[in-house]
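A.B. asks: Before we start, here is the structure in question, set down as structure tokens.
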Amino acid sequence: MQKINVLIDCDPGHDDVMAILLALANRDKLNILGVSTVAGNQTLDKVTLNVRKLYTYLGIKTPIAVGMERPIIRELKTGDFVHGESGLDGFEFPEPTVEADSTNAIIFMREKLLSCHEKSVLIATGPLTNVGLLLRTFPEVKDKIEYISLMGGSIFKGNVTPFAEYNIYADPEAAHIVFNSGIPIVMSGLDVTHKAYITNEDILELERIDGKVTRMCAKLLKFFTKFHTNEGYKNFPLHDVCAVMYVLNKDIFEGQNLLVDIDTSDTMHRGRTAADLREWVIHENTNTLALLDVDREKFIHDLFAAFIKLDKELI
Ligand code: BDR
Ligand code: CA
């Protein structure tokens with residue numbers, strides 16, 4: 001079977017790391033062209049350091065490219081209240097020896113996309129700054145992207161505001177470029193990511209397995225659950241994992257084709273992924289497959305299988 005070319009643009013971030021691990025464990029199906037970083041959950045230097053630390057700990061690597069240090073227009077508002085001071089608190093990583101490439105992420109993504117004969121899938125799990133600038137600067141890459149699988153947005157309710165999800169709220173202008181690019185979007189918004197949750201029992205199971213990767217994940221997830229528990233959550237959404245899982249296993253998801261646009265106003269609707277839900281209006285060209293449901297059992301099964309596979313590979 002032909003491997004799927006993927007680029008992963010991210011801001012690690014606990015759930016970003018889980019998403020990267022899922023991709024790394026499935027390199028028999030995915031040709032990972034590289035991982036690029038963008039400011040979001042933490043500052044650009046910290047999220048880049050997190051990828052370098054992760055790769056150093058794992059002893060595996062893909063190319064790493066460093067992207068934008070702030071949203072296109074807005075001030076950066078990090079997610080340190082969720083992901084901690086480092087952006088990836090909860091596990092002691094070794095000093096990083098793996099280096100990032102010197103090519104800027106936007107140029108890097110262009111080169112990778114144009115160098116592939118087949119189209120690629122662009123996976124985005126942070127604010128869309130790099131992706132928006134890529135599409136605006138080098139529109140020739142559009143023909144080389146099959147679809148963009150992104151974590152962001154929400155049809156029904158937000159997390160940072162009543163209406164907006166963090167990744168879209170952080171850089172709504174970039175999201176506006178991406179959603180209006182003409183490239184098909186698969187949106188793992190909060191509607192589905194809150195159904196792709198992990199429980200405390202699941203985390204204890206990872207702890208019991210106690211391999212190189214399962215142990216690290218258990219520790220990271222224990223930190224990640226602190227914020228959510230304080231906020232009143234009983235279970236913990238693994239948001240970014242959905243964007244990779246969809247590429248590997250579409251059948252476990254359900255969604256709806258919708259016309260979605262981004263609110264770039266400075267009102268209480270900033271960053272909203274506004275969808276036309278009127279059943280009687282037929283849109284010729286919808287731009288987004290909004291994922292709305294997932295088979296959680298299968299989701300966790302496949303994710304844990306990936307972690308355990310890496311445990312075995314990395315002994
Ligand atoms: C998104 O924001 C970040 O905290 C997570 O990594 C995820 O990408 C969820 O709103
Ligand atoms: Ca993220």
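FYI, nothing fancy with the structure tokens labels: chains A, B, ... in order, residues from 1 per chain, ligands from 1 as they appear.
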Determine, counting only C-alpha atoms, which protein, DNA and RNA residues have an atom within 10 Å of an atom of region 243-252 of chain A; residues of the same chain fewer than 6 positions away are not included. Present the result as number ranges by chain.
C.D. replies: A: 4, 6, 8, 16, 18-23, 26, 29-30, 121-125, 147-152, 186-189, 193, 291, 293-299, 302-303
A.B. asks: Grab the residues selected above and save them as a compact mmCIF listing (two decimals), in the first residue's frame with C-alpha atoms.
C.D. replies:
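In the end it all went to again-v6.txt:
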# COMPACT_ATOMS: atom_id res chain seq x y z
CA ILE A 4 0.47 8.79 2.76
CA VAL A 6 2.14 13.97 5.82
CA ILE A 8 2.69 17.90 10.91
CA ASP A 16 0.37 17.44 20.21
CA MET A 18 0.43 12.17 21.62
CA ALA A 19 -0.49 13.03 18.02
CA ILE A 20 3.17 12.93 16.92
CA LEU A 21 3.65 9.58 18.69
CA LEU A 22 0.64 8.13 16.88
CA ALA A 23 2.16 9.23 13.56
CA ASN A 26 2.52 4.34 11.97
CA LYS A 29 1.48 3.86 6.59
CA LEU A 30 2.66 7.47 6.81
CA VAL A 121 -1.93 15.66 3.80
CA LEU A 122 -1.16 18.65 5.96
CA ILE A 123 -1.90 17.99 9.63
CA ALA A 124 -2.16 21.07 11.85
CA THR A 125 -2.56 20.88 15.62
CA TYR A 147 -6.63 17.97 2.40
CA ILE A 148 -5.79 19.69 5.68
CA SER A 149 -6.60 17.67 8.77
CA LEU A 150 -6.67 20.18 11.58
CA MET A 151 -7.52 20.31 15.23
CA GLY A 152 -9.37 23.50 15.84
CA VAL A 186 -11.20 18.07 7.87
CA MET A 187 -11.94 19.80 11.12
CA SER A 188 -11.45 17.97 14.39
CA GLY A 189 -13.20 20.56 16.50
CA THR A 193 -12.34 15.95 20.47
CA LEU A 291 -16.04 15.66 12.56
CA ASP A 293 -18.40 11.83 16.64
CA VAL A 294 -15.82 9.08 17.15
CA ASP A 295 -15.84 5.51 18.36
CA ARG A 296 -13.91 6.17 21.58
CA GLU A 297 -13.15 2.51 22.30
CA LYS A 298 -11.48 2.07 18.93
CA PHE A 299 -9.76 5.44 19.24
CA ASP A 302 -5.49 2.28 18.32
CA LEU A 303 -3.71 4.98 20.30
A.B. asks: If you count only C-alpha atoms, which residues fall within 9 Å of Ala290 (chain A), apart from same-chain ones fewer than 4 positions away, as a ChimeraX atom specification?
C.D. replies: /A:154-155,185-189,191-192,254-258,260
A.B. asks: Hey, which residues sit close to ligand 2? Say within 6 Å, counting only C-alpha atoms and all ligand atoms, and write them as number ranges by chain.
C.D. replies: A: 10-13, 16, 125-126, 240
A.B. asks: List the neighbours of Pro237 (chain A) out to 8 Å using only C-alpha atoms; skip same-chain residues closer than 3 positions along the sequence, and give me the result as an NGL selection string.
C.D. replies: :A and (193-198)
A.B. asks: Quick one: everything within 8 Å of Arg52 (chain A), counting only C-alpha atoms, minus sequence neighbours fewer than 3 positions away in the same chain. Send it as an NGL selection string.
C.D. replies: :A and (48-49 or 55-56 or 96-100)
A.B. asks: Given only C-alpha atoms as the basis, pick out the residue of A:Gly153, A:Phe179, A:Lys112, A:Ile308 nearest to Glu207 (chain A).
C.D. replies: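 Of A:Gly153, A:Phe179, A:Lys112, A:Ile308, the one nearest Glu207 (chain A) is A:Ile308, counting only C-alpha atoms.
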A.B. asks: Tell me which protein, DNA and RNA residues are within 12 Å of Glu231 (chain A), counting only C-alpha atoms, leaving out same-chain ones fewer than 6 positions away, and put them as a PyMOL selection string.
C.D. replies: chain A and resi 81-82+159+224-225
A.B. asks: Here is a test: counting only C-alpha atoms and all ligand atoms, which residue of A:Asn200, A:Thr103, A:Asn41, A:Thr229 is nearest to ligand 1?
C.D. replies: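 Ranking A:Asn200, A:Thr103, A:Asn41, A:Thr229 by distance to ligand 1, first place goes to A:Asn41.
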A.B. asks: Here is a test: counting only C-alpha atoms, which residue of A:Met109, A:Val38, A:Val66, A:Ala305 is nearest to Ile209 (chain A)?
C.D. replies: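 Comparing A:Met109, A:Val38, A:Val66, A:Ala305 against Ile209 (chain A), the winner is A:Ala305.
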A.B. asks: Residues at most 8 Å from Ser86 (chain A), counting only C-alpha atoms, excluding those fewer than 6 positions away in the same chain, as a PyMOL selection string?
C.D. replies: chain A and resi 42+46-47+50+80
A.B. asks: Taking only C-alpha atoms into account, which of A:Leu24, A:Cys116, A:Leu220, A:Ile106 comes nearest Asp311 (chain A)?
C.D. replies: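 Among the listed residues, the smallest separation from Asp311 (chain A) belongs to A:Leu24.
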A.B. asks: Between A:Leu314, A:Val141, A:Met68, A:Ala39, which one has atoms that come closest to ligand 1, using only C-alpha atoms and all ligand atoms?
C.D. replies: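 The shortest atom-to-atom distance to ligand 1 comes from A:Ala39.
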A.B. asks: Counting only C-alpha atoms, which residue out of A:Leu190, A:Leu277, A:Met268, A:Met1 sits closest to His239 (chain A)?
C.D. replies: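 The shortest atom-to-atom distance to His239 (chain A) comes from A:Leu190.
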A.B. asks: Out of region 54-266 of chain A, which residues get strand (DSSP E or B) from DSSP, as a PyMOL selection string?
C.D. replies: chain A and resi 64-66+104+120-124+145-151+185-188+197-198+236-237+253-258+260-262
A.B. asks: Between CA of Ile203 (chain A) and CA of Lys234 (chain A), measure the distance and give it in Å to one decimal.
C.D. replies: 12.8 Å
A.B. asks: DSSP says helix (DSSP H, G or I) for which residues of region 113-248 of chain A? Put them as a VMD selection string?
C.D. replies: chain A and resid 113 to 115 129 to 137 139 to 144 166 to 170 172 to 179 190 to 193 200 to 209 212 to 230 241 to 248
A.B. asks: Any idea what the distance is between CA of Tyr57 (chain A) and CA of Ile300 (chain A)?
C.D. replies: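 Going from CA of Tyr57 (chain A) over to CA of Ile300 (chain A) covers 23.4 Å.
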A.B. asks: So which residues touch Glu313 (chain A) within 12 Å, counting only C-alpha atoms, skipping near sequence neighbours fewer than 6 positions away, as a ChimeraX atom specification?
C.D. replies: /A:24-26,58-60,211-213,306-307
A.B. asks: Output C-alpha atoms of each residue in that selection to a file, as a PDB file, in the first residue's frame.
C.D. replies:
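Output file again.pdb is given in full below:
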ATOM      1  CA  LEU A  24       5.635   7.921  14.443  1.00  0.00           C
ATOM      2  CA  ALA A  25       4.229   4.517  15.361  1.00  0.00           C
ATOM      3  CA  ASN A  26       2.525   4.341  11.968  1.00  0.00           C
ATOM      4  CA  LEU A  58      12.828   8.540  21.660  1.00  0.00           C
ATOM      5  CA  GLY A  59      16.016   8.291  19.620  1.00  0.00           C
ATOM      6  CA  ILE A  60      14.008   8.703  16.439  1.00  0.00           C
ATOM      7  CA  GLY A 211       7.431   0.915  28.741  1.00  0.00           C
ATOM      8  CA  LYS A 212       9.600   3.767  27.500  1.00  0.00           C
ATOM      9  CA  VAL A 213       6.737   5.538  25.735  1.00  0.00           C
ATOM     10  CA  ALA A 306       0.679   2.815  18.847  1.00  0.00           C
ATOM     11  CA  PHE A 307       2.310   3.617  22.199  1.00  0.00           C
TER      12      PHE A 307
END
A.B. asks: So how far away is CA of Gly67 (chain A) from CA of Leu310 (chain A), in Å?
C.D. replies: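 CA of Gly67 (chain A) lies at a distance of 27.5 Å from CA of Leu310 (chain A).
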